[in-house]
Amino acid sequence: ERALAENRTKADEARVAYESAASAVTALGEAFGIARGTLGEANANLENRRRERRTLQGTLENSQLQVHSVREQVERRTAQITQLEVAIADATAAVEASDEGLKALAGRVVEVDTLLRAASVEVEKTAGALATGRSTAAVFERNWHSVEMSRRELEIKRENLIENTRRDVELDLLESYPEHLALRHAAEFVPIARGLTEKEISELQGEIKRLGNVNIDAIEELGQLEQKNQELETQLIDIDQAKEQLELLIEQLDDVSRNRFEETFKSVREHFAGTDGMFRKLFGGGSADLYLLPFEDGPRAGETDWLESGVEIRAKPPGKEPRVISQLSGGEKTMTAVALLMAIFQSKPSPFCILDEVDAALDESNVERFCHTLKQFLDRSHFIVITHHKRTMQSCDMLYGITMPQRGVSKRVAVKFEEVGADGRLNKAAAERAERENATFDAHGAAPVIEVEPGVLDRMAAPSHALADAWKN
């Protein structure tokens, strides 16, 4: 029906198009007549209307083309109308066939509905029978589970009975039961008094309990303990041997340490307190000594030992007779410590040595002696001296300067001695160079070096107050 309606709509549209085309043809015919009349008038006024003639002639030609085009459109529309009429006829036949099929299907639907109702009734009957069967099956399943649980309990009891009998009376029921059945059927079989037998069993069980637990694995444990005891004995022998070896090694180390310490002590003592020792060089005379302190109490009272005795220093500067080293002044203690350090250096030089404010307690003359002593070791050691003393700075080969223009803010400075004026201030070029070096240090983290030209320090024999003022500024 839908296809038929669409075909009818298309047929109506085709008729409307055909009527429009016929109206257009009629209009064109009227225009053609008007054009002919105009052409007659144009012939009478040929000279005056040539231009209009050409215009009308062009219009006529266009009209003829339009008439031809409209005729072709009319022919095409006519062919389409014919095709649509054929399609309408086919659609009508299809609609009639569809109506017949629909009637047949309606009858089939009635039959299927009848069959469906009958099937629903059968399904309800089958569902009732299935529910009844399931209920019965559930009852049977519960009963089966109960029977199975009872069977398992009896099986467990039987297994426990067999195991208890095998453990308590050492009787295997599985093997003895057939014999027991044969005896029961024999003529001479005498029934057992159950009460007396149970009483006897109870008495025997009580006696067994009073005996206590029996360790069945005692023999195996004994073997394990004997094996473990043998292993421990072997380990004890190894420990005793290791102890003896360690004691021997300790004795050897004590002997070697005692010999080496004695050699080192005598060498340091000679370099420190000898005739050409560091003490006499630094003080210009006097005497000093290193000695071991004897034990004060115990079985070894009055004896000395190279490894256990303490070391005492005796120092007597020129013109003084102190009993203990604590009676020396701060500068004398410092010079004594430096003399001992240099004596140790002579015995066993070190590639580097850091001295922090060693010359703080020394006067001018002792600072010169201190610096002169350090120069004697420059062929074997490098000294890093932290100092504020101008004499020590003059003796150094390279200076690194740190100043604090503001509290808590450190600043690196680089200066040449010849750049310091008489008033203790740096000249303009040196100040600018110091600023550039500070900027370079901030960028790369390298400390600036205070450059000292060779020979400058030798020319500065007298104390430089200007240099000291420069460091303060």
# chains A, B, ... in the order shown; residues from 1 in each chain; ligands from 1
$ select_by_dssp --residues "segment 152-263 of chain A" --states "helix (DSSP H, G or I)" --output "PDB file with N, CA and C atoms, in the first residue's frame"
ATOM      1  N   ARG A 152      29.863 -42.738  57.018  1.00  0.00           N
ATOM      2  CA  ARG A 152      31.203 -42.218  57.282  1.00  0.00           C
ATOM      3  C   ARG A 152      31.530 -42.247  58.765  1.00  0.00           C
ATOM      4  N   GLU A 153      30.540 -41.895  59.616  1.00  0.00           N
ATOM      5  CA  GLU A 153      30.781 -41.967  61.057  1.00  0.00           C
ATOM      6  C   GLU A 153      31.109 -43.384  61.491  1.00  0.00           C
ATOM      7  N   LEU A 154      30.333 -44.359  60.976  1.00  0.00           N
ATOM      8  CA  LEU A 154      30.608 -45.756  61.315  1.00  0.00           C
ATOM      9  C   LEU A 154      31.973 -46.181  60.800  1.00  0.00           C
ATOM     10  N   GLU A 155      32.329 -45.707  59.621  1.00  0.00           N
ATOM     11  CA  GLU A 155      33.634 -46.047  59.060  1.00  0.00           C
ATOM     12  C   GLU A 155      34.753 -45.482  59.930  1.00  0.00           C
ATOM     13  N   ILE A 156      34.576 -44.217  60.379  1.00  0.00           N
ATOM     14  CA  ILE A 156      35.584 -43.602  61.244  1.00  0.00           C
ATOM     15  C   ILE A 156      35.671 -44.346  62.574  1.00  0.00           C
ATOM     16  N   LYS A 157      34.512 -44.714  63.133  1.00  0.00           N
ATOM     17  CA  LYS A 157      34.528 -45.468  64.389  1.00  0.00           C
ATOM     18  C   LYS A 157      35.225 -46.808  64.206  1.00  0.00           C
ATOM     19  N   ARG A 158      34.954 -47.456  63.081  1.00  0.00           N
ATOM     20  CA  ARG A 158      35.597 -48.750  62.825  1.00  0.00           C
ATOM     21  C   ARG A 158      37.112 -48.583  62.708  1.00  0.00           C
ATOM     22  N   GLU A 159      37.537 -47.536  61.967  1.00  0.00           N
ATOM     23  CA  GLU A 159      38.971 -47.314  61.822  1.00  0.00           C
ATOM     24  C   GLU A 159      39.613 -46.978  63.166  1.00  0.00           C
ATOM     25  N   ASN A 160      38.918 -46.158  63.990  1.00  0.00           N
ATOM     26  CA  ASN A 160      39.459 -45.829  65.316  1.00  0.00           C
ATOM     27  C   ASN A 160      39.540 -47.077  66.195  1.00  0.00           C
ATOM     28  N   LEU A 161      38.513 -47.916  66.109  1.00  0.00           N
ATOM     29  CA  LEU A 161      38.516 -49.148  66.902  1.00  0.00           C
ATOM     30  C   LEU A 161      39.676 -50.050  66.497  1.00  0.00           C
ATOM     31  N   ILE A 162      39.878 -50.195  65.183  1.00  0.00           N
ATOM     32  CA  ILE A 162      40.995 -51.031  64.709  1.00  0.00           C
ATOM     33  C   ILE A 162      42.325 -50.450  65.168  1.00  0.00           C
ATOM     34  N   GLU A 163      42.471 -49.108  65.047  1.00  0.00           N
ATOM     35  CA  GLU A 163      43.734 -48.479  65.424  1.00  0.00           C
ATOM     36  C   GLU A 163      43.966 -48.563  66.932  1.00  0.00           C
ATOM     37  N   ASN A 164      42.924 -48.300  67.725  1.00  0.00           N
ATOM     38  CA  ASN A 164      43.075 -48.396  69.178  1.00  0.00           C
ATOM     39  C   ASN A 164      43.399 -49.819  69.615  1.00  0.00           C
ATOM     40  N   THR A 165      42.754 -50.803  68.982  1.00  0.00           N
ATOM     41  CA  THR A 165      43.039 -52.194  69.328  1.00  0.00           C
ATOM     42  C   THR A 165      44.473 -52.563  68.969  1.00  0.00           C
ATOM     43  N   ARG A 166      44.920 -52.100  67.805  1.00  0.00           N
ATOM     44  CA  ARG A 166      46.300 -52.393  67.402  1.00  0.00           C
ATOM     45  C   ARG A 166      47.296 -51.712  68.342  1.00  0.00           C
ATOM     46  N   ARG A 167      46.950 -50.478  68.813  1.00  0.00           N
ATOM     47  CA  ARG A 167      47.880 -49.761  69.673  1.00  0.00           C
ATOM     48  C   ARG A 167      47.838 -50.245  71.113  1.00  0.00           C
ATOM     49  N   ASP A 168      46.647 -50.543  71.627  1.00  0.00           N
ATOM     50  CA  ASP A 168      46.516 -50.871  73.046  1.00  0.00           C
ATOM     51  C   ASP A 168      46.832 -52.341  73.326  1.00  0.00           C
ATOM     52  N   LEU A 173      42.495 -56.473  64.158  1.00  0.00           N
ATOM     53  CA  LEU A 173      41.148 -57.004  63.997  1.00  0.00           C
ATOM     54  C   LEU A 173      40.887 -57.505  62.589  1.00  0.00           C
ATOM     55  N   LEU A 174      41.452 -56.876  61.597  1.00  0.00           N
ATOM     56  CA  LEU A 174      41.209 -57.312  60.222  1.00  0.00           C
ATOM     57  C   LEU A 174      41.735 -58.724  59.976  1.00  0.00           C
ATOM     58  N   GLU A 175      42.846 -59.040  60.618  1.00  0.00           N
ATOM     59  CA  GLU A 175      43.389 -60.385  60.442  1.00  0.00           C
ATOM     60  C   GLU A 175      42.759 -61.385  61.413  1.00  0.00           C
ATOM     61  N   SER A 176      42.387 -60.948  62.619  1.00  0.00           N
ATOM     62  CA  SER A 176      41.888 -61.887  63.645  1.00  0.00           C
ATOM     63  C   SER A 176      40.386 -62.150  63.562  1.00  0.00           C
ATOM     64  N   TYR A 177      39.636 -61.244  62.914  1.00  0.00           N
ATOM     65  CA  TYR A 177      38.179 -61.413  62.898  1.00  0.00           C
ATOM     66  C   TYR A 177      37.737 -62.698  62.182  1.00  0.00           C
ATOM     67  N   PRO A 178      38.320 -63.061  61.043  1.00  0.00           N
ATOM     68  CA  PRO A 178      37.902 -64.348  60.437  1.00  0.00           C
ATOM     69  C   PRO A 178      38.139 -65.540  61.381  1.00  0.00           C
ATOM     70  N   GLU A 179      39.279 -65.542  62.109  1.00  0.00           N
ATOM     71  CA  GLU A 179      39.516 -66.635  63.052  1.00  0.00           C
ATOM     72  C   GLU A 179      38.479 -66.625  64.175  1.00  0.00           C
ATOM     73  N   HIS A 180      38.134 -65.403  64.638  1.00  0.00           N
ATOM     74  CA  HIS A 180      37.140 -65.296  65.697  1.00  0.00           C
ATOM     75  C   HIS A 180      35.780 -65.851  65.249  1.00  0.00           C
ATOM     76  N   LEU A 181      35.399 -65.566  64.008  1.00  0.00           N
ATOM     77  CA  LEU A 181      34.130 -66.106  63.488  1.00  0.00           C
ATOM     78  C   LEU A 181      34.168 -67.634  63.440  1.00  0.00           C
ATOM     79  N   ALA A 182      35.330 -68.179  63.034  1.00  0.00           N
ATOM     80  CA  ALA A 182      35.443 -69.648  62.989  1.00  0.00           C
ATOM     81  C   ALA A 182      35.319 -70.244  64.384  1.00  0.00           C
ATOM     82  N   LEU A 183      35.932 -69.573  65.408  1.00  0.00           N
ATOM     83  CA  LEU A 183      35.830 -70.081  66.782  1.00  0.00           C
ATOM     84  C   LEU A 183      34.401 -69.993  67.322  1.00  0.00           C
ATOM     85  N   ARG A 184      33.678 -68.928  66.968  1.00  0.00           N
ATOM     86  CA  ARG A 184      32.305 -68.769  67.453  1.00  0.00           C
ATOM     87  C   ARG A 184      31.399 -69.886  66.936  1.00  0.00           C
ATOM     88  N   ARG A 194      31.844 -60.393  79.373  1.00  0.00           N
ATOM     89  CA  ARG A 194      32.154 -59.034  78.906  1.00  0.00           C
ATOM     90  C   ARG A 194      32.475 -58.100  80.075  1.00  0.00           C
ATOM     91  N   GLY A 195      31.714 -58.202  81.171  1.00  0.00           N
ATOM     92  CA  GLY A 195      31.943 -57.291  82.294  1.00  0.00           C
ATOM     93  C   GLY A 195      33.314 -57.479  82.907  1.00  0.00           C
ATOM     94  N   LEU A 196      33.694 -58.755  83.160  1.00  0.00           N
ATOM     95  CA  LEU A 196      35.002 -59.038  83.741  1.00  0.00           C
ATOM     96  C   LEU A 196      36.127 -58.582  82.806  1.00  0.00           C
ATOM     97  N   THR A 197      35.906 -58.837  81.539  1.00  0.00           N
ATOM     98  CA  THR A 197      36.942 -58.453  80.566  1.00  0.00           C
ATOM     99  C   THR A 197      37.129 -56.939  80.536  1.00  0.00           C
ATOM    100  N   GLU A 198      36.042 -56.180  80.532  1.00  0.00           N
ATOM    101  CA  GLU A 198      36.152 -54.718  80.524  1.00  0.00           C
ATOM    102  C   GLU A 198      36.823 -54.217  81.795  1.00  0.00           C
ATOM    103  N   LYS A 199      36.509 -54.867  82.955  1.00  0.00           N
ATOM    104  CA  LYS A 199      37.143 -54.468  84.204  1.00  0.00           C
ATOM    105  C   LYS A 199      38.641 -54.714  84.154  1.00  0.00           C
ATOM    106  N   GLU A 200      39.049 -55.849  83.632  1.00  0.00           N
ATOM    107  CA  GLU A 200      40.479 -56.165  83.514  1.00  0.00           C
ATOM    108  C   GLU A 200      41.181 -55.184  82.578  1.00  0.00           C
ATOM    109  N   ILE A 201      40.486 -54.825  81.498  1.00  0.00           N
ATOM    110  CA  ILE A 201      41.073 -53.860  80.547  1.00  0.00           C
ATOM    111  C   ILE A 201      41.291 -52.516  81.224  1.00  0.00           C
ATOM    112  N   SER A 202      40.304 -52.090  82.029  1.00  0.00           N
ATOM    113  CA  SER A 202      40.424 -50.801  82.727  1.00  0.00           C
ATOM    114  C   SER A 202      41.603 -50.817  83.692  1.00  0.00           C
ATOM    115  N   GLU A 203      41.767 -51.959  84.434  1.00  0.00           N
ATOM    116  CA  GLU A 203      42.887 -52.062  85.363  1.00  0.00           C
ATOM    117  C   GLU A 203      44.222 -52.000  84.622  1.00  0.00           C
ATOM    118  N   LEU A 204      44.308 -52.704  83.513  1.00  0.00           N
ATOM    119  CA  LEU A 204      45.554 -52.700  82.741  1.00  0.00           C
ATOM    120  C   LEU A 204      45.856 -51.305  82.187  1.00  0.00           C
ATOM    121  N   GLN A 205      44.835 -50.604  81.724  1.00  0.00           N
ATOM    122  CA  GLN A 205      45.037 -49.244  81.210  1.00  0.00           C
ATOM    123  C   GLN A 205      45.509 -48.299  82.301  1.00  0.00           C
ATOM    124  N   GLY A 206      44.956 -48.491  83.540  1.00  0.00           N
ATOM    125  CA  GLY A 206      45.408 -47.668  84.657  1.00  0.00           C
ATOM    126  C   GLY A 206      46.873 -47.900  84.971  1.00  0.00           C
ATOM    127  N   GLU A 207      47.281 -49.186  84.971  1.00  0.00           N
ATOM    128  CA  GLU A 207      48.690 -49.489  85.218  1.00  0.00           C
ATOM    129  C   GLU A 207      49.596 -48.887  84.146  1.00  0.00           C
ATOM    130  N   ILE A 208      49.126 -48.924  82.895  1.00  0.00           N
ATOM    131  CA  ILE A 208      49.925 -48.348  81.797  1.00  0.00           C
ATOM    132  C   ILE A 208      50.071 -46.842  81.976  1.00  0.00           C
ATOM    133  N   LYS A 209      49.004 -46.161  82.399  1.00  0.00           N
ATOM    134  CA  LYS A 209      49.074 -44.726  82.624  1.00  0.00           C
ATOM    135  C   LYS A 209      50.034 -44.382  83.759  1.00  0.00           C
ATOM    136  N   ARG A 210      50.002 -45.238  84.816  1.00  0.00           N
ATOM    137  CA  ARG A 210      50.905 -44.974  85.931  1.00  0.00           C
ATOM    138  C   ARG A 210      52.368 -45.137  85.548  1.00  0.00           C
ATOM    139  N   LEU A 211      52.634 -45.937  84.526  1.00  0.00           N
ATOM    140  CA  LEU A 211      54.017 -46.079  84.051  1.00  0.00           C
ATOM    141  C   LEU A 211      54.547 -44.794  83.411  1.00  0.00           C
ATOM    142  N   ALA A 218      63.909 -42.310  71.882  1.00  0.00           N
ATOM    143  CA  ALA A 218      65.068 -42.041  72.752  1.00  0.00           C
ATOM    144  C   ALA A 218      66.367 -42.527  72.124  1.00  0.00           C
ATOM    145  N   ILE A 219      66.352 -43.706  71.484  1.00  0.00           N
ATOM    146  CA  ILE A 219      67.580 -44.246  70.888  1.00  0.00           C
ATOM    147  C   ILE A 219      68.056 -43.347  69.756  1.00  0.00           C
ATOM    148  N   GLU A 220      67.100 -42.898  68.935  1.00  0.00           N
ATOM    149  CA  GLU A 220      67.479 -42.008  67.827  1.00  0.00           C
ATOM    150  C   GLU A 220      68.015 -40.675  68.356  1.00  0.00           C
ATOM    151  N   GLU A 221      67.372 -40.143  69.401  1.00  0.00           N
ATOM    152  CA  GLU A 221      67.852 -38.888  69.991  1.00  0.00           C
ATOM    153  C   GLU A 221      69.229 -39.062  70.605  1.00  0.00           C
ATOM    154  N   LEU A 222      69.490 -40.227  71.203  1.00  0.00           N
ATOM    155  CA  LEU A 222      70.811 -40.497  71.765  1.00  0.00           C
ATOM    156  C   LEU A 222      71.882 -40.449  70.683  1.00  0.00           C
ATOM    157  N   GLY A 223      71.588 -41.062  69.518  1.00  0.00           N
ATOM    158  CA  GLY A 223      72.549 -41.011  68.417  1.00  0.00           C
ATOM    159  C   GLY A 223      72.793 -39.590  67.950  1.00  0.00           C
ATOM    160  N   GLN A 224      71.714 -38.782  67.866  1.00  0.00           N
ATOM    161  CA  GLN A 224      71.873 -37.387  67.444  1.00  0.00           C
ATOM    162  C   GLN A 224      72.701 -36.599  68.450  1.00  0.00           C
ATOM    163  N   LEU A 225      72.451 -36.829  69.761  1.00  0.00           N
ATOM    164  CA  LEU A 225      73.219 -36.117  70.776  1.00  0.00           C
ATOM    165  C   LEU A 225      74.688 -36.515  70.748  1.00  0.00           C
ATOM    166  N   GLU A 226      74.965 -37.821  70.526  1.00  0.00           N
ATOM    167  CA  GLU A 226      76.366 -38.243  70.433  1.00  0.00           C
ATOM    168  C   GLU A 226      77.057 -37.593  69.243  1.00  0.00           C
ATOM    169  N   GLN A 227      76.354 -37.527  68.102  1.00  0.00           N
ATOM    170  CA  GLN A 227      76.935 -36.875  66.926  1.00  0.00           C
ATOM    171  C   GLN A 227      77.184 -35.391  67.183  1.00  0.00           C
ATOM    172  N   LYS A 228      76.201 -34.729  67.825  1.00  0.00           N
ATOM    173  CA  LYS A 228      76.361 -33.310  68.146  1.00  0.00           C
ATOM    174  C   LYS A 228      77.506 -33.088  69.128  1.00  0.00           C
ATOM    175  N   ASN A 229      77.646 -34.038  70.103  1.00  0.00           N
ATOM    176  CA  ASN A 229      78.741 -33.927  71.067  1.00  0.00           C
ATOM    177  C   ASN A 229      80.086 -34.041  70.364  1.00  0.00           C
ATOM    178  N   GLN A 230      80.194 -34.954  69.404  1.00  0.00           N
ATOM    179  CA  GLN A 230      81.437 -35.075  68.642  1.00  0.00           C
ATOM    180  C   GLN A 230      81.742 -33.803  67.862  1.00  0.00           C
ATOM    181  N   GLU A 231      80.695 -33.204  67.256  1.00  0.00           N
ATOM    182  CA  GLU A 231      80.909 -31.961  66.523  1.00  0.00           C
ATOM    183  C   GLU A 231      81.379 -30.848  67.461  1.00  0.00           C
ATOM    184  N   LEU A 232      80.757 -30.769  68.656  1.00  0.00           N
ATOM    185  CA  LEU A 232      81.172 -29.745  69.619  1.00  0.00           C
ATOM    186  C   LEU A 232      82.602 -29.968  70.086  1.00  0.00           C
ATOM    187  N   GLU A 233      82.976 -31.232  70.301  1.00  0.00           N
ATOM    188  CA  GLU A 233      84.360 -31.522  70.691  1.00  0.00           C
ATOM    189  C   GLU A 233      85.327 -31.086  69.599  1.00  0.00           C
ATOM    190  N   THR A 234      84.957 -31.361  68.331  1.00  0.00           N
ATOM    191  CA  THR A 234      85.812 -30.931  67.219  1.00  0.00           C
ATOM    192  C   THR A 234      85.932 -29.419  67.176  1.00  0.00           C
ATOM    193  N   GLN A 235      84.801 -28.728  67.372  1.00  0.00           N
ATOM    194  CA  GLN A 235      84.827 -27.263  67.375  1.00  0.00           C
ATOM    195  C   GLN A 235      85.656 -26.731  68.542  1.00  0.00           C
ATOM    196  N   LEU A 236      85.562 -27.406  69.710  1.00  0.00           N
ATOM    197  CA  LEU A 236      86.346 -26.977  70.865  1.00  0.00           C
ATOM    198  C   LEU A 236      87.844 -27.113  70.586  1.00  0.00           C
ATOM    199  N   ILE A 237      88.211 -28.203  69.926  1.00  0.00           N
ATOM    200  CA  ILE A 237      89.626 -28.380  69.558  1.00  0.00           C
ATOM    201  C   ILE A 237      90.066 -27.278  68.603  1.00  0.00           C
ATOM    202  N   ASP A 238      89.189 -26.953  67.598  1.00  0.00           N
ATOM    203  CA  ASP A 238      89.523 -25.876  66.660  1.00  0.00           C
ATOM    204  C   ASP A 238      89.661 -24.539  67.383  1.00  0.00           C
ATOM    205  N   ILE A 239      88.769 -24.288  68.346  1.00  0.00           N
ATOM    206  CA  ILE A 239      88.832 -23.022  69.087  1.00  0.00           C
ATOM    207  C   ILE A 239      90.118 -22.948  69.910  1.00  0.00           C
ATOM    208  N   ASP A 240      90.487 -24.062  70.549  1.00  0.00           N
ATOM    209  CA  ASP A 240      91.734 -24.073  71.322  1.00  0.00           C
ATOM    210  C   ASP A 240      92.934 -23.810  70.425  1.00  0.00           C
ATOM    211  N   GLN A 241      92.940 -24.443  69.248  1.00  0.00           N
ATOM    212  CA  GLN A 241      94.039 -24.203  68.317  1.00  0.00           C
ATOM    213  C   GLN A 241      94.068 -22.756  67.848  1.00  0.00           C
ATOM    214  N   ALA A 242      92.857 -22.203  67.528  1.00  0.00           N
ATOM    215  CA  ALA A 242      92.801 -20.801  67.102  1.00  0.00           C
ATOM    216  C   ALA A 242      93.255 -19.874  68.217  1.00  0.00           C
ATOM    217  N   LYS A 243      92.880 -20.215  69.469  1.00  0.00           N
ATOM    218  CA  LYS A 243      93.313 -19.403  70.606  1.00  0.00           C
ATOM    219  C   LYS A 243      94.836 -19.399  70.723  1.00  0.00           C
ATOM    220  N   GLU A 244      95.432 -20.584  70.599  1.00  0.00           N
ATOM    221  CA  GLU A 244      96.880 -20.657  70.672  1.00  0.00           C
ATOM    222  C   GLU A 244      97.536 -19.860  69.553  1.00  0.00           C
ATOM    223  N   GLN A 245      96.973 -19.972  68.335  1.00  0.00           N
ATOM    224  CA  GLN A 245      97.536 -19.223  67.207  1.00  0.00           C
ATOM    225  C   GLN A 245      97.395 -17.718  67.423  1.00  0.00           C
ATOM    226  N   LEU A 246      96.219 -17.301  67.945  1.00  0.00           N
ATOM    227  CA  LEU A 246      96.027 -15.869  68.191  1.00  0.00           C
ATOM    228  C   LEU A 246      96.963 -15.360  69.285  1.00  0.00           C
ATOM    229  N   GLU A 247      97.125 -16.153  70.333  1.00  0.00           N
ATOM    230  CA  GLU A 247      98.055 -15.746  71.383  1.00  0.00           C
ATOM    231  C   GLU A 247      99.473 -15.627  70.847  1.00  0.00           C
ATOM    232  N   LEU A 248      99.866 -16.595  70.003  1.00  0.00           N
ATOM    233  CA  LEU A 248     101.191 -16.527  69.391  1.00  0.00           C
ATOM    234  C   LEU A 248     101.311 -15.294  68.493  1.00  0.00           C
ATOM    235  N   LEU A 249     100.229 -15.017  67.716  1.00  0.00           N
ATOM    236  CA  LEU A 249     100.245 -13.855  66.840  1.00  0.00           C
ATOM    237  C   LEU A 249     100.309 -12.554  67.648  1.00  0.00           C
ATOM    238  N   ILE A 250      99.583 -12.517  68.775  1.00  0.00           N
ATOM    239  CA  ILE A 250      99.618 -11.317  69.625  1.00  0.00           C
ATOM    240  C   ILE A 250     101.019 -11.111  70.195  1.00  0.00           C
ATOM    241  N   GLU A 251     101.629 -12.201  70.613  1.00  0.00           N
ATOM    242  CA  GLU A 251     103.005 -12.094  71.120  1.00  0.00           C
ATOM    243  C   GLU A 251     103.947 -11.581  70.035  1.00  0.00           C
ATOM    244  N   GLN A 252     103.777 -12.106  68.816  1.00  0.00           N
ATOM    245  CA  GLN A 252     104.631 -11.645  67.722  1.00  0.00           C
ATOM    246  C   GLN A 252     104.384 -10.165  67.415  1.00  0.00           C
ATOM    247  N   LEU A 253     103.072  -9.783  67.389  1.00  0.00           N
ATOM    248  CA  LEU A 253     102.763  -8.375  67.124  1.00  0.00           C
ATOM    249  C   LEU A 253     103.296  -7.476  68.234  1.00  0.00           C
ATOM    250  N   ASP A 254     103.197  -7.953  69.491  1.00  0.00           N
ATOM    251  CA  ASP A 254     103.741  -7.157  70.599  1.00  0.00           C
ATOM    252  C   ASP A 254     105.247  -6.980  70.446  1.00  0.00           C
ATOM    253  N   ASP A 255     105.913  -8.064  70.065  1.00  0.00           N
ATOM    254  CA  ASP A 255     107.371  -7.970  69.896  1.00  0.00           C
ATOM    255  C   ASP A 255     107.722  -7.001  68.771  1.00  0.00           C
ATOM    256  N   VAL A 256     106.997  -7.145  67.625  1.00  0.00           N
ATOM    257  CA  VAL A 256     107.287  -6.262  66.493  1.00  0.00           C
ATOM    258  C   VAL A 256     106.939  -4.820  66.842  1.00  0.00           C
ATOM    259  N   SER A 257     105.762  -4.626  67.488  1.00  0.00           N
ATOM    260  CA  SER A 257     105.363  -3.262  67.861  1.00  0.00           C
ATOM    261  C   SER A 257     106.327  -2.673  68.883  1.00  0.00           C
ATOM    262  N   ARG A 258     106.758  -3.496  69.828  1.00  0.00           N
ATOM    263  CA  ARG A 258     107.683  -3.012  70.848  1.00  0.00           C
ATOM    264  C   ARG A 258     109.011  -2.601  70.209  1.00  0.00           C
ATOM    265  N   ASN A 259     109.492  -3.429  69.279  1.00  0.00           N
ATOM    266  CA  ASN A 259     110.774  -3.107  68.619  1.00  0.00           C
ATOM    267  C   ASN A 259     110.653  -1.852  67.770  1.00  0.00           C
ATOM    268  N   ARG A 260     109.551  -1.774  67.001  1.00  0.00           N
ATOM    269  CA  ARG A 260     109.393  -0.611  66.128  1.00  0.00           C
ATOM    270  C   ARG A 260     109.190   0.664  66.954  1.00  0.00           C
ATOM    271  N   PHE A 261     108.381   0.570  68.029  1.00  0.00           N
ATOM    272  CA  PHE A 261     108.170   1.755  68.853  1.00  0.00           C
ATOM    273  C   PHE A 261     109.479   2.173  69.527  1.00  0.00           C
ATOM    274  N   GLU A 262     110.265   1.188  69.968  1.00  0.00           N
ATOM    275  CA  GLU A 262     111.535   1.516  70.602  1.00  0.00           C
ATOM    276  C   GLU A 262     112.466   2.220  69.618  1.00  0.00           C
ATOM    277  N   GLU A 263     112.522   1.688  68.379  1.00  0.00           N
ATOM    278  CA  GLU A 263     113.366   2.327  67.377  1.00  0.00           C
ATOM    279  C   GLU A 263     112.878   3.739  67.070  1.00  0.00           C
TER     280      GLU A 263
END
$ residues_around --residues "Gly286 of chain A" --least-positions-apart "6" --cutoff "10 Å" --atoms "only C-alpha atoms" --output "number ranges by chain"
A: 273, 275, 279-280, 315-321
$ atom_distance --atom1 "atom CA of Pro351 of chain A" --atom2 "atom CA of Arg380 of chain A"
6.6 Å
$ atom_distance --atom1 "atom CA of His389 of chain A" --atom2 "atom CA of Leu374 of chain A"
15.0 Å
$ atom_distance --atom1 "atom CA of Glu312 of chain A" --atom2 "atom CA of Asp289 of chain A"
8.4 Å
$ residues_around --residues "Arg369 of chain A" --least-positions-apart "2" --cutoff "12 Å" --atoms "only C-alpha atoms" --output "VMD selection string"
chain A and resid 278 to 284 335 338 to 339 359 362 to 367 371 to 376 391 to 392 395
$ closest_residue --among "A:Ala288, A:Leu341, A:Val121, A:Leu399" --to "Val324 of chain A" --atoms "only C-alpha atoms"
A:Ala288
$ residues_around --residues "segment 80-90 of chain A" --least-positions-apart "4" --cutoff "9 Å" --atoms "only C-alpha atoms" --output "PyMOL selection string"
chain A and resi 4+7-8+10-11+14-15+18+75-76+94-95
$ select_by_dssp --residues "segment 171-300 of chain A" --states "strand (DSSP E or B)" --output "PyMOL selection string"
chain A and resi 287-292
$ write_last_selection --atoms "C-alpha atoms" --output "PDB file, in the first residue's frame"
ATOM      1  CA  SER A 287     117.998  20.813  77.128  1.00  0.00           C
ATOM      2  CA  ALA A 288     115.080  18.483  76.688  1.00  0.00           C
ATOM      3  CA  ASP A 289     114.359  14.817  76.971  1.00  0.00           C
ATOM      4  CA  LEU A 290     111.730  12.140  76.233  1.00  0.00           C
ATOM      5  CA  TYR A 291     111.399   9.212  78.631  1.00  0.00           C
ATOM      6  CA  LEU A 292     108.941   6.507  79.589  1.00  0.00           C
TER       7      LEU A 292
END
$ residues_around --residues "Gly330 of chain A" --least-positions-apart "4" --cutoff "10 Å" --atoms "only C-alpha atoms" --output "number ranges by chain"
A: 326, 334-336, 360-362
